[in-house]
$ cat model.cif   # mmCIF, C-alpha atoms
data_run
loop_
_atom_site.label_atom_id
_atom_site.label_comp_id
_atom_site.auth_asym_id
_atom_site.auth_seq_id
_atom_site.Cartn_x
_atom_site.Cartn_y
_atom_site.Cartn_z
CA MET A 1 -102.85 21.87 13.88
CA LEU A 2 -100.64 20.46 11.12
CA VAL A 3 -96.90 21.01 11.59
CA SER A 4 -94.30 20.75 8.85
CA LYS A 5 -91.63 18.09 9.21
CA ARG A 6 -88.87 20.69 9.02
CA ARG A 7 -89.61 22.27 12.36
CA PRO A 8 -89.45 19.09 14.49
CA ALA A 9 -86.29 18.07 12.59
CA ALA A 10 -84.68 21.41 13.41
CA LEU A 11 -85.62 21.03 17.06
CA ALA A 12 -84.18 17.52 17.14
CA ALA A 13 -80.91 18.70 15.60
CA LEU A 14 -80.68 21.54 18.11
CA ALA A 15 -81.33 19.17 21.02
CA ALA A 16 -78.72 16.71 19.79
CA GLY A 17 -76.13 19.47 19.47
CA LEU A 18 -76.83 20.74 22.96
CA SER A 19 -76.63 17.27 24.45
CA LEU A 20 -73.28 16.54 22.85
CA ALA A 21 -71.73 19.70 24.24
CA GLY A 22 -69.66 19.02 27.33
CA PHE A 23 -67.93 21.69 29.37
CA PRO A 24 -66.21 21.95 32.75
CA ALA A 25 -68.07 23.23 35.79
CA ARG A 26 -67.69 26.90 35.02
CA ALA A 27 -70.40 29.31 34.05
CA ILE A 28 -71.04 32.67 32.55
CA LEU A 29 -68.93 35.19 34.40
CA GLY A 30 -68.63 33.48 37.75
CA GLY A 31 -71.48 30.98 38.09
CA THR A 32 -71.05 27.29 38.76
CA GLU A 33 -72.64 24.11 37.46
CA ALA A 34 -75.56 23.10 39.67
CA PRO A 35 -78.26 20.40 39.88
CA ALA A 36 -81.10 21.29 37.52
CA GLY A 37 -83.79 20.37 40.04
CA GLY A 38 -87.04 21.65 38.57
CA ALA A 39 -85.49 23.41 35.56
CA VAL A 40 -85.75 22.28 31.94
CA MET A 41 -84.89 23.72 28.55
CA VAL A 42 -87.43 25.17 26.13
CA LEU A 43 -86.46 24.99 22.45
CA SER A 44 -88.12 26.83 19.56
CA SER A 45 -88.35 25.93 15.89
CA LYS A 46 -86.39 29.11 15.10
CA GLY A 47 -83.39 27.81 17.02
CA GLY A 48 -84.10 29.68 20.24
CA VAL A 49 -83.04 28.26 23.60
CA CYS A 50 -84.64 29.21 26.90
CA THR A 51 -84.92 27.88 30.43
CA GLY A 52 -88.17 27.04 32.22
CA VAL A 53 -89.21 25.95 35.71
CA VAL A 54 -91.49 23.01 36.38
CA LEU A 55 -94.68 23.83 38.31
CA ALA A 56 -96.40 20.46 37.87
CA PRO A 57 -95.30 17.18 36.22
CA ASP A 58 -96.51 18.48 32.85
CA THR A 59 -96.44 22.26 33.35
CA VAL A 60 -93.59 24.74 32.86
CA LEU A 61 -93.29 28.47 33.55
CA THR A 62 -90.93 30.46 31.32
CA ALA A 63 -90.47 33.91 29.79
CA GLY A 64 -93.15 35.16 27.41
CA HIS A 65 -90.73 35.95 24.59
CA CYS A 66 -89.56 32.33 24.66
CA LEU A 67 -92.98 31.15 23.39
CA ALA A 68 -93.90 34.19 21.32
CA ASP A 69 -90.86 33.95 19.04
CA ALA A 70 -91.84 30.83 17.07
CA PRO A 71 -94.86 28.66 16.25
CA GLN A 72 -93.35 25.39 17.47
CA HIS A 73 -91.69 24.49 20.78
CA ARG A 74 -90.44 21.46 22.68
CA VAL A 75 -89.29 20.88 26.24
CA HIS A 76 -85.82 19.36 26.21
CA PHE A 77 -83.73 17.41 28.69
CA ARG A 78 -81.25 14.53 28.70
CA ASP A 79 -82.19 11.05 29.82
CA ASP A 80 -80.15 8.96 32.26
CA GLN A 81 -77.80 7.94 29.44
CA GLY A 82 -77.31 11.53 28.27
CA ALA A 83 -79.41 11.14 25.13
CA PRO A 84 -81.57 14.12 24.08
CA VAL A 85 -85.30 13.96 24.78
CA LEU A 86 -87.87 16.25 23.19
CA VAL A 87 -91.35 16.52 24.71
CA GLU A 88 -94.19 17.99 22.67
CA VAL A 89 -96.16 20.96 23.94
CA ALA A 90 -99.91 20.36 24.20
CA ALA A 91 -100.98 23.84 25.32
CA ARG A 92 -99.42 27.22 25.98
CA ALA A 93 -100.42 30.61 27.33
CA VAL A 94 -98.51 33.88 27.01
CA HIS A 95 -99.34 36.53 29.62
CA PRO A 96 -101.77 39.08 28.13
CA GLY A 97 -99.51 41.84 29.42
CA TYR A 98 -96.54 40.66 27.36
CA ASP A 99 -95.38 43.33 24.89
CA ALA A 100 -92.74 42.28 22.37
CA GLY A 101 -91.75 45.87 21.65
CA ALA A 102 -91.64 47.03 25.25
CA ALA A 103 -87.86 47.35 25.64
CA LYS A 104 -87.38 49.66 22.64
CA ALA A 105 -90.49 51.72 23.38
CA ARG A 106 -89.87 51.77 27.15
CA ARG A 107 -93.25 50.25 27.87
CA ARG A 108 -94.14 47.82 30.64
CA SER A 109 -94.26 44.15 29.72
CA ILE A 110 -95.14 41.08 31.77
CA ASP A 111 -92.73 38.67 30.11
CA LEU A 112 -94.19 35.37 31.33
CA ALA A 113 -95.66 32.28 29.69
CA LEU A 114 -96.91 28.85 30.69
CA LEU A 115 -96.84 25.62 28.72
CA ARG A 116 -98.29 22.16 29.27
CA THR A 117 -96.44 19.16 27.90
CA ALA A 118 -98.18 16.32 26.07
CA THR A 119 -96.67 13.79 28.48
CA PRO A 120 -95.41 14.17 32.08
CA LEU A 121 -91.76 14.96 32.70
CA PRO A 122 -89.60 12.48 34.63
CA PRO A 123 -89.99 12.59 38.44
CA ARG A 124 -86.45 13.95 38.82
CA PHE A 125 -87.79 17.32 37.67
CA ALA A 126 -89.54 18.09 40.93
CA PRO A 127 -92.00 21.02 40.80
CA VAL A 128 -90.60 24.19 42.30
CA ALA A 129 -92.30 26.43 44.85
CA LEU A 130 -93.24 29.98 43.89
CA SER A 131 -92.89 32.89 46.27
CA ALA A 132 -94.89 36.12 46.45
CA ALA A 133 -92.08 37.81 48.40
CA LEU A 134 -90.89 41.25 47.29
CA PRO A 135 -87.08 41.36 47.27
CA ARG A 136 -85.30 44.36 48.72
CA ALA A 137 -82.19 46.21 47.60
CA GLY A 138 -79.04 44.47 48.79
CA GLU A 139 -80.73 41.08 49.16
CA ASP A 140 -78.98 38.16 47.47
CA LEU A 141 -80.98 36.02 45.03
CA THR A 142 -79.87 33.00 43.03
CA LEU A 143 -80.18 33.03 39.24
CA GLY A 144 -80.16 29.76 37.32
CA GLY A 145 -80.32 28.76 33.67
CA TYR A 146 -79.07 26.70 30.75
CA GLY A 147 -77.60 29.73 28.98
CA ALA A 148 -74.27 30.19 27.27
CA ALA A 149 -71.13 29.87 29.38
CA ARG A 150 -69.23 31.89 26.79
CA PRO A 151 -70.95 34.93 25.27
CA GLY A 152 -71.62 34.47 21.56
CA ASP A 153 -70.82 30.73 21.66
CA PRO A 154 -74.06 28.71 21.35
CA ARG A 155 -72.08 25.49 21.78
CA SER A 156 -71.54 26.42 25.42
CA THR A 157 -75.31 26.33 26.01
CA GLY A 158 -77.06 23.37 27.61
CA THR A 159 -75.54 22.92 31.08
CA TYR A 160 -77.52 24.21 34.04
CA ARG A 161 -75.59 26.75 36.08
CA SER A 162 -76.40 29.15 38.89
CA LEU A 163 -74.93 32.15 40.63
CA THR A 164 -75.91 34.48 43.44
CA LEU A 165 -76.34 38.18 42.67
CA PRO A 166 -77.46 41.18 44.72
CA VAL A 167 -80.74 43.00 44.13
CA ILE A 168 -80.48 46.62 43.05
CA GLU A 169 -83.18 49.23 42.48
CA PRO A 170 -82.03 51.45 39.61
CA TYR A 171 -85.50 52.99 39.28
CA GLY A 172 -86.66 52.47 42.84
CA PRO A 173 -88.48 49.46 44.31
CA SER A 174 -90.91 47.66 42.01
CA ARG A 175 -93.78 45.23 42.45
CA ILE A 176 -93.45 44.06 38.85
CA LEU A 177 -89.72 43.64 38.24
CA VAL A 178 -86.52 42.81 40.06
CA TRP A 179 -83.02 43.78 38.92
CA LEU A 180 -79.84 41.88 39.73
CA ARG A 181 -76.47 43.59 39.59
CA GLY A 182 -74.15 42.31 36.87
CA GLY A 183 -70.44 42.74 36.33
CA ALA A 184 -68.95 39.80 38.20
CA GLY A 185 -71.63 37.52 36.72
CA GLY A 186 -75.04 37.45 35.16
CA ALA A 187 -77.37 35.94 32.60
CA CYS A 188 -76.65 35.21 28.95
CA GLN A 189 -78.47 33.84 25.90
CA GLY A 190 -80.54 30.82 26.94
CA ASP A 191 -81.08 31.93 30.54
CA SER A 192 -84.39 33.67 29.76
CA GLY A 193 -87.13 31.91 31.69
CA GLY A 194 -84.72 30.75 34.35
CA PRO A 195 -85.51 30.91 38.07
CA ILE A 196 -84.51 33.76 40.36
CA ALA A 197 -84.87 32.26 43.82
CA GLY A 198 -84.58 33.37 47.42
CA PRO A 199 -82.53 31.71 50.19
CA ASP A 200 -85.30 29.15 50.76
CA GLY A 201 -85.15 28.04 47.14
CA ALA A 202 -88.62 29.35 46.27
CA VAL A 203 -88.76 31.13 42.91
CA GLN A 204 -89.50 34.83 43.27
CA ALA A 205 -89.00 35.88 39.64
CA ILE A 206 -88.35 34.62 36.13
CA ALA A 207 -85.36 35.97 34.21
CA ALA A 208 -86.49 37.96 31.18
CA TRP A 209 -83.96 40.57 30.01
CA ILE A 210 -80.27 41.45 30.06
CA GLY A 211 -79.04 45.04 30.07
CA GLY A 212 -76.17 45.34 27.61
CA ALA A 213 -73.87 42.38 27.09
CA CYS A 214 -74.03 39.00 28.83
CA GLY A 215 -73.32 39.35 32.52
CA GLY A 216 -74.81 42.81 32.69
CA LEU A 217 -77.88 43.92 34.57
CA THR A 218 -80.35 41.02 34.77
CA GLN A 219 -84.05 41.80 34.93
CA GLY A 220 -86.68 39.37 36.18
CA VAL A 221 -90.47 39.41 36.32
CA LEU A 222 -91.77 38.90 39.86
CA VAL A 223 -94.23 36.03 39.98
CA GLY A 224 -96.14 37.13 43.09
CA ALA A 225 -97.86 40.02 41.32
CA GLN A 226 -98.92 37.61 38.55
CA ARG A 227 -100.30 34.95 40.87
CA GLY A 228 -103.87 35.53 39.68
CA TRP A 229 -102.97 34.87 36.06
CA ILE A 230 -100.75 31.89 36.87
CA ASP A 231 -103.38 30.25 39.06
CA GLN A 232 -106.14 30.98 36.53
CA VAL A 233 -104.29 29.35 33.63
CA LEU A 234 -103.21 26.38 35.71
CA GLY A 235 -106.73 25.96 37.06
CA GLY A 236 -108.07 25.83 33.51
CA TRP A 237 -105.63 22.99 32.84
CA GLY A 238 -106.60 21.20 36.04
CA ARG A 239 -103.23 21.98 37.60
CA SER A 240 -101.99 24.12 40.51
CA ALA A 241 -98.78 25.76 41.67
CA ARG A 242 -97.25 25.51 45.13
CA TRP A 243 -96.90 28.97 46.71
CA THR A 244 -95.00 30.06 49.78
CA GLU A 245 -95.76 33.32 51.55
#

$ encode --input "model.cif" --output "structure tokens"
Amino acid sequence: MLVSKRRPAALAALAAGLSLAGFPARAILGGTEAPAGGAVMVLSSKGGVCTGVVLAPDTVLTAGHCLADAPQHRVHFRDDQGAPVLVEVAARAVHPGYDAGAAKARRRSIDLALLRTATPLPPRFAPVALSAALPRAGEDLTLGGYGAARPGDPRSTGTYRSLTLPVIEPYGPSRILVWLRGGAGGACQGDSGGPIAGPDGAVQAIAAWIGGACGGLTQGVLVGAQRGWIDQVLGGWGRSARWTE
């Protein structure tokens, strides 16, 4: 497919701006700066910023709306010297259950997507493990992402941060979604697609939605219930995910 020169230029400018931003180790409403591990940024040609988790050296899992919002995307990280790097996307798959209008219409949506990069990511982005565990109310999970440290300030985006939040069940237990209590901390713009992990570090859900303002109720899509789709897409690409039970 032919791509206009404007879109890659916009992505490059966005990546450069993010990489020049430097902020102290403080995060959105109580989180702290943390090692990125297997987390990268996903940039769109419309200026969108998301987080994604590495499942294989060239495969990333993120939120569905992160890939459905624009025709062009790049995976972004900084090299050892802090310079911005943009990696082209060779293939992508949005979950067939993703519904862009779900929140307003109160419909169910499986807000997940996978992408395969044109070239492998550096070894320092070690693939994460996925977990089919179902979290319970009161359990603490760790949310991570590259989102804004100051609500409404895109310049504070680009540093990976994490915080631990308790699971709540505002509508009862779910096999599709998990909700994390906000107030003292929570997700913000740019954290969509970020990992929600258990005590063992395995990713149980992918952040997808914020209730109200930044730091409010954080909603994630549980990956265990979508294992069939994840494994099917990865298998078609000749890749596989590492699952823990």

$ atom_distance --input "model.cif" --atom1 "atom CA of A:Gly183" --atom2 "atom CA of A:Ile196"
17.2 Å

$ atom_distance --input "model.cif" --atom1 "atom CA of A:Asp58" --atom2 "atom CA of A:Pro135"
28.6 Å

$ closest_residue --input "model.cif" --among "A:Trp179, A:Trp243, A:Tyr171, A:Tyr160" --to "A:Val221" --atoms "only C-alpha atoms"
A:Trp179

$ closest_residue --input "model.cif" --among "A:Gly38, A:Asp80, A:Gly52, A:Gln226" --to "A:Ala129" --atoms "only C-alpha atoms"
A:Gly38

$ closest_residue --input "model.cif" --among "A:Ala241, A:Ile230, A:Leu61, A:Ile176" --to "A:Ala133" --atoms "only C-alpha atoms"
A:Ile176

$ atom_distance --input "model.cif" --atom1 "atom CA of A:Arg74" --atom2 "atom CA of A:Gly48"
10.7 Å

$ decode --input "model.cif" --residues "stretch 190-220 of chain A" --atoms "C-alpha atoms" --output "compact mmCIF listing (two decimals), in the first residue's frame"
# COMPACT_ATOMS: atom_id res chain seq x y z
CA GLY A 190 -1.38 7.19 26.36
CA ASP A 191 -1.85 4.33 28.82
CA SER A 192 -4.35 2.49 26.59
CA GLY A 193 -2.84 -0.84 25.61
CA GLY A 194 -0.71 -0.95 28.73
CA PRO A 195 -0.29 -4.10 30.83
CA ILE A 196 -2.36 -4.93 33.90
CA ALA A 197 -0.31 -7.59 35.64
CA GLY A 198 -0.60 -9.86 38.64
CA PRO A 199 1.96 -10.32 41.44
CA ASP A 200 3.95 -12.74 39.28
CA GLY A 201 4.33 -10.14 36.54
CA ALA A 202 2.18 -12.03 34.02
CA VAL A 203 -0.21 -9.79 32.11
CA GLN A 204 -3.84 -10.52 32.93
CA ALA A 205 -5.46 -7.64 31.04
CA ILE A 206 -4.81 -4.76 28.67
CA ALA A 207 -5.87 -1.25 29.70
CA ALA A 208 -8.61 0.05 27.42
CA TRP A 209 -10.82 2.72 29.02
CA ILE A 210 -10.89 5.36 31.74
CA GLY A 211 -14.08 6.29 33.59
CA GLY A 212 -14.26 10.06 33.86
CA ALA A 213 -11.05 12.05 34.17
CA CYS A 214 -7.50 10.69 34.30
CA GLY A 215 -6.95 8.66 37.44
CA GLY A 216 -10.55 7.50 37.56
CA LEU A 217 -11.87 4.00 37.15
CA THR A 218 -9.57 2.04 34.84
CA GLN A 219 -11.04 -0.74 32.73
CA GLY A 220 -9.01 -3.52 31.16
